[in-house]
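Asks: This is the structure I want to talk about, given as structure tokens.
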There are 2 protein chains.
Amino acid sequence: MSSTVGVLKRNSVAQAIEEISGLLGDRLSTSQAVRDQHGNDLTWNEGMAPDAVAFVQSTEEVVQIVKICGTYEVPLIPFGTGTSLEGHISAPFGGVSVDMSQMNEILEVNPQDLDCTVQAGVTRKQLNEYLRDVGLFFPIDPGADASIGGMASTRASGTNAVRYGTMKDNVIRVVAVMPDGEIVRTARRAKKTAAGYDLTRLMVGAEGTLGVITEITLKLHGIPEAISAGVCPFPDIASACEAAIATIQMGIPVARIELLDEIQVKACNAYSDLGLAETPTLFLEFHGSDTSVAEQSELFGSIAEEWGGGPFDWATKTEDRNRLWQARHDVFWAAIDSMPGKSAMATDVCVPISRLAECVTETRKDLDETGLYGPIVGHVGDGNFHISLFCDKDDEAEVTAVYGLLDRLADRALAMDGTCTGEHGIGYGKKKYLVKEHGAGVDVMRSIKQAIDPKNIMNPGKILPT
Amino acid sequence: MSSTVGVLKRNSVAQAIEEISGLLGDRLSTSQAVRDQHGNDLTWNEGMAPDAVAFVQSTEEVVQIVKICGTYEVPLIPFGTGTSLEGHISAPFGGVSVDMSQMNEILEVNPQDLDCTVQAGVTRKQLNEYLRDVGLFFPIDPGADASIGGMASTRASGTNAVRYGTMKDNVIRVVAVMPDGEIVRTARRAKKTAAGYDLTRLMVGAEGTLGVITEITLKLHGIPEAISAGVCPFPDIASACEAAIATIQMGIPVARIELLDEIQVKACNAYSDLGLAETPTLFLEFHGSDTSVAEQSELFGSIAEEWGGGPFDWATKTEDRNRLWQARHDVFWAAIDSMPGKSAMATDVCVPISRLAECVTETRKDLDETGLYGPIVGHVGDGNFHISLFCDKDDEAEVTAVYGLLDRLADRALAMDGTCTGEHGIGYGKKKYLVKEHGAGVDVMRSIKQAIDPKNIMNPGKILPT
């Protein structure tokens with residue numbers, strides 16, 4: 001493999017590790033267990049271990065490591081919490097995994113400006129616990145308690161994105177160590193700027209292939225005065241999707257609108273004891289003043305009714321809401337629990353919402369015809385949905401069936417002017433779809449990668465197909 | 001000048017023009033009047049005429065012209081409506097201005113997905129007139145009736161940005177002709193994606209230096225059920241800014257919150273016959289349901305009172321609102337009218353909103369001490385403000401004084417962790433501030449420019465300092 005990317009100089013790796021070890025002491029680990037853990041993500045993408053793991057504590061340490069890796073042309077793979085889903089953290093060419101978990105300080109909160117600056121290893125739950133006292137919150141919630149650096153690098157989103165946007169919209173700037181060891185702060189702290197190329201958005205979603213993000217300045221939001229939430233059953237996927245489209249079109253500023261298909265509802269009933277009717281169901285949440293959440297909830301109720309759904313039961317009690325959303329966040333675990341002994345693969349696509357019902361319905365049919373078990377859950381306000389797919393990794397036919405389904409799913413989304421991934425990223429798992437999706441745009445991406453990282457030391461083998 | 005960028009080959013320009021002329025016939029103009037008009041923007045930045053102006057009608061024609069310009073290494077400057085403010089359209093190295101005004105078709109509107117696709121020459125007013133019948137609107141409004149392509153290229157924003165974001169947030173994708181003549185569609189039509197580098201955000205704000213944007217897919221928004229608007233006087237700049245900060249912090253989803261200082265109010269009273277008290281004043285607009293705009297307006301009224309402002313008079317009648325916002329959009333003309341016989345220069349900076357009062361107050365003091373006339377108006381919810389500056393271009397001392405003030409203004413904004421431009425862009429007028437603002441980030445920008453446009457044919461001499 002190494003010859004195709006020109007990054008592997010086996011004898012150099014040992015030298016690089018020795019120098020980094022001199023810098024970090026026992027914060028540089030070469031133990032097999034630590035290496036394996038850092039090469040494996042949450043799914044059954046093949047995890048390839050790095051040669052060593054460096055636990056860094058400062059941007060300056062990252063600079064030193066980048067310079068050493070540059071000298072010896074050794075790959076460097078940034079690592080947050082290892083919760084990504086497309087092999088982003090795997091080390092197909094070996095090298096050094098740079099673990100950011102010890103860079104977990106919240107550096108600054110500016111309540112007047114609704115922003116904060118954190119180190120890359122801070123997790124979203126840690127941040128929100130810290131912020132609670134000042135009445136602010138950070139809305140992006142990709143299920144797992146991921147690190148902010150990882151979330152920026154994969155352009156994460158989650159259930160709140162329909163109202164608050166994705167990481168693309170909520171990162172004001174990053175501090176990154178570039179492949180030449182330069183520290184770049186991509187923007188000032190002002191809410192907007194027209195000063196030059198948008199380096200912030202270039203680093204967000206680059207999956208560590210252009211540099212190592214070490215600090216992030218984020219937009220924050222006031223904790224809403226009132227929150228209401230509820231569940232609403234529908235006779236079928238199509239009517240649930242149509243109700244979601246109507247909700248968005250009417251300008252109801254819904255904070256969350258999540259679709260669970262009947263198979264996912266069944267799994268959640270079993271796992272979280274929800275007692276829901278086993279039919280396609282929307283989970284919703286509204287943020288605002290008391291008056292406005294009541295108004296939003298009632299408006300949604302009448303839209304649901306128009307599309308044959310309901311009754312829409314909504315509650316404003318915190319414990320009821322928490323139980324509901326805990327169940328929503330546990331869908332992947334519920335799915336795993338419903339299919340014991342099999343390995344799980346989580347995938348996602350995103351299409352224009354007008355095509356969502358069609359895309360989900362066709363995919364459900366495809367799953368049934370292929371004989372695969374796959375609960376579906378969707379951020380339906382954004383046209384984004386997920387399937388948890390299961391197979392016995394030793395059963396070649398089943399593995400082939402899963403990959404066939406994934407290929408057809410990507411093709412289906414692309415044919416509807418959608419994307420092969422709404423929020424999981426490309427990693428190495430989805431590289432093969434990139435040219436289909438972007439055409440000549442991939443050449444532009446390649447030329448940017450080549451210009452910024454000519455030695456291809458930054459997370460090689462990710463995003464760009466060879 | 002030419003030797004420093006290596007793009008000017010005088011004898012090649014004639015050949016390029018001849019070939020383009022063969023392609024476009026009389027849609028290629030070399031008349032002095034047309035050339036002068038295409039080199040000059042709205043302010044007194046020196047306008048340098050291109051050698052020819054090409055009126056294109058399709059992406060394919062742009063491809064041909066880009067290829068010809070590439071062959072002869074002749075500069076190519078995209079031109080929308082000529083309303084930019086930092087010399088973006090000027091041709092310091094000659095070349096061909098590519099006028100997009102005949103590419104003005106609205107290609108597709110998808111009401112279910114709240115998006116549309118337009119050719120680059122469509123103007124924002126043209127689009128909104130077209131959309132009115134489907135109950136949708138496009139919110140970005142940079143004063144002038146700019147083209148959507150120009151707005152994307154300069155990362156424009158305006159009065160609605162506090163609620164609806166800037167062009168960065170509202171462009172889903174562009175179709176661009178890259179310097180090698182390849183057509184790149186930067187994304188699919190899905191609302192979000194995590195598939196590869198964010199080429200959309202790279203092209204937005206690149207001011208035509210990386211390629212020519214020929215089509216844009218935009219987010220649209222439902223026309224609000226109810227709108228209320230009003231004006232609120234304050235005793236001083238600081239209290240007006242504090243009231244704006246409190247409004248944002250409380251999560252009131254204000255659609256517009258604009259500050260006019262007393263000098264600007266005076267100019268507007270004279271120009272638009274507003275009859276306002278001549279004191280710092282906020283212009284506001286709220287969007288939502290009837291209940292919600294009433295609630296928002298009342299909440300703001302009590303915040304204003306807390307900060308010594310008011311009374312806050314608000315109205316929901318369309319004609320009252322229109323008169324108010326016409327006056328707001330006419331501030332630049334009002335300023336020009338208040339200082340006859342002088343040339344105008346519009347500038348902007350943007351700072352974290354916690355620093356806005358301080359930045360505006362210091363700038364007002366600087367203006368007074370320098371003896372310059374300069375009404376101030378601000379998108380105060382974003383920390384962004386503008387000054388209209390005037391001078392007699394033949395009075396060397398006055399010109400020097402203006403440039404000194406501009407330098408101090410940029411330094412002041414940067415010292416407050418702000419940007420040298422919130423929405424006007426860099427063009428060639430603000431190139432000198434870019435390194436101060438971005439440091440090593442400018443090297444990254446240069447390497448991207450070099451990689452994508454190695455012959456430097458795309459709007460050379462803009463953004464990147466030499």
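Following the order of the structure tokens, first chain is A, next is B, and so on, with residues numbered from 1 inside each chain and ligands from 1 in the order they appear.
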Show me, as an MDAnalysis selection string, every residue of chain B with an atom at most 7 Å from chain A, counting only C-alpha atoms.

Replies: chainID B and resid 112:113 154:155 182 184:198 201:202 205:206 222 245 249:251 292 350:354 382 417:426 438 440:441 444:445 447:448 451:452 463

Asks: From the DSSP assignment of the backbone, select every residue of region 123-276 of chain B that is alpha helix (DSSP H), and format the answer as number ranges by chain.

Replies: B: 124-131, 148-153, 161-164, 167-170, 199-203, 237-249, 262-272

Asks: Would you please work out which residue, of A:Val377, A:Leu127, A:Leu76, A:Leu276, is nearest to Pro460 (chain A) when using only C-alpha atoms?

Replies: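 Residue with the minimum atom-to-atom distance to Pro460 (chain A): A:Leu76.
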
Asks: Give me every strand (DSSP E or B) residue in region 217-370 of chain A, going by DSSP on the backbone, as a count of residues only.

Replies: 37

Asks: Need the shell around Phe283 (chain B): protein/DNA/RNA residues with any atom at most 10 Å away, counting only C-alpha atoms. Skip same-chain ones fewer than 2 positions apart. Format as an MDAnalysis selection string?

Replies: chainID B and resid 229:233 256:260 281 285 312 314 324:325 328 379

Asks: Would you pick out the contacts of Gly25 (chain A) at 12 Å or less, using only C-alpha atoms, so that residues sharing its chain but fewer than 6 positions from it are not included, and give the list as JSON, numbers by chain?

Replies: {"A": [17, 18, 19, 53, 54, 55, 56]}

Asks: Any chance you could export the current selection's C-alpha atoms as a PDB file, in the first residue's frame?

Replies:
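Okay, out_39.pdb is ready:
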```pdb
ATOM      1  CA  ILE A  17       8.812   7.621  17.625  1.00  0.00           C
ATOM      2  CA  GLU A  18      12.117   7.913  19.450  1.00  0.00           C
ATOM      3  CA  GLU A  19      12.170  11.676  19.022  1.00  0.00           C
ATOM      4  CA  VAL A  53      -0.038   6.994  20.311  1.00  0.00           C
ATOM      5  CA  ALA A  54       1.023  10.465  21.502  1.00  0.00           C
ATOM      6  CA  PHE A  55      -1.011  12.015  24.334  1.00  0.00           C
ATOM      7  CA  VAL A  56      -0.460  15.726  23.756  1.00  0.00           C
TER       8      VAL A  56
END
```

Asks: Work out how far apart CA of Ile303 (chain B) and CA of Cys241 (chain B) are and give it in Å to one decimal.

Replies: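 Pair CA of Ile303 (chain B) / CA of Cys241 (chain B) returns 11.5 Å.
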
Asks: What's around Arg27 (chain A) at 12 Å? Count only C-alpha atoms, leave out sequence neighbours fewer than 2 positions away in its own chain, and write the answer as a short mmCIF file (atom, residue, chain, number, x, y, z; two decimals) with N, CA and C atoms, in the first residue's frame.

Replies:
```
data_model
loop_
_atom_site.label_atom_id
_atom_site.label_comp_id
_atom_site.auth_asym_id
_atom_site.auth_seq_id
_atom_site.Cartn_x
_atom_site.Cartn_y
_atom_site.Cartn_z
N ILE A 17 9.35 7.99 16.32
CA ILE A 17 8.81 7.62 17.63
C ILE A 17 9.83 7.92 18.73
N ILE A 20 9.75 11.65 19.37
CA ILE A 20 8.52 12.08 20.06
C ILE A 20 8.55 11.59 21.50
N SER A 21 9.07 10.40 21.70
CA SER A 21 9.20 9.86 23.04
C SER A 21 10.09 10.75 23.91
N GLY A 22 11.14 11.26 23.31
CA GLY A 22 12.02 12.18 24.03
C GLY A 22 11.28 13.44 24.46
N LEU A 23 10.29 13.80 23.67
CA LEU A 23 9.51 15.02 23.94
C LEU A 23 8.44 14.76 25.00
N LEU A 24 7.74 13.63 24.89
CA LEU A 24 6.55 13.39 25.73
C LEU A 24 6.80 12.42 26.89
N GLY A 25 7.92 11.71 26.87
CA GLY A 25 8.14 10.71 27.93
C GLY A 25 7.08 9.64 27.87
N SER A 29 2.88 6.22 23.83
CA SER A 29 2.68 4.79 24.09
C SER A 29 2.81 3.96 22.82
N THR A 30 3.49 2.84 22.96
CA THR A 30 3.54 1.89 21.84
C THR A 30 2.92 0.55 22.23
N SER A 31 2.17 0.53 23.34
CA SER A 31 1.56 -0.74 23.77
C SER A 31 0.50 -1.16 22.75
N VAL A 34 -3.18 -0.05 23.52
CA VAL A 34 -3.44 1.38 23.27
C VAL A 34 -3.49 1.64 21.76
N ALA A 52 2.26 4.19 17.11
CA ALA A 52 2.39 4.74 18.46
C ALA A 52 1.25 5.72 18.69
N VAL A 53 0.99 6.01 19.96
CA VAL A 53 -0.04 6.99 20.31
C VAL A 53 0.60 8.07 21.18
N ALA A 54 0.45 9.34 20.75
CA ALA A 54 1.02 10.47 21.50
C ALA A 54 -0.10 11.21 22.21
N PHE A 55 -0.01 11.28 23.55
CA PHE A 55 -1.01 12.02 24.33
C PHE A 55 -0.50 13.44 24.54
N VAL A 56 -1.01 14.36 23.73
CA VAL A 56 -0.46 15.73 23.76
C VAL A 56 -1.19 16.60 24.77
N GLN A 57 -0.49 17.66 25.19
CA GLN A 57 -1.08 18.57 26.18
C GLN A 57 -1.07 20.03 25.74
N GLU A 61 3.25 21.26 21.61
CA GLU A 61 3.65 19.85 21.47
C GLU A 61 3.21 19.30 20.11
N SER A 97 -0.74 8.20 16.12
CA SER A 97 -2.05 8.73 16.48
C SER A 97 -1.84 9.82 17.54
N VAL A 98 -2.39 11.00 17.28
CA VAL A 98 -2.22 12.10 18.23
C VAL A 98 -3.51 12.24 19.03
N ASP A 99 -3.48 11.74 20.26
CA ASP A 99 -4.67 11.70 21.12
C ASP A 99 -4.83 13.05 21.82
N MET A 100 -5.98 13.71 21.58
CA MET A 100 -6.19 15.07 22.08
C MET A 100 -6.88 15.10 23.44
N SER A 101 -7.14 13.93 24.05
CA SER A 101 -8.01 13.92 25.24
C SER A 101 -7.44 14.68 26.43
N GLN A 102 -6.13 14.87 26.46
CA GLN A 102 -5.56 15.64 27.58
C GLN A 102 -5.55 17.15 27.29
#
```
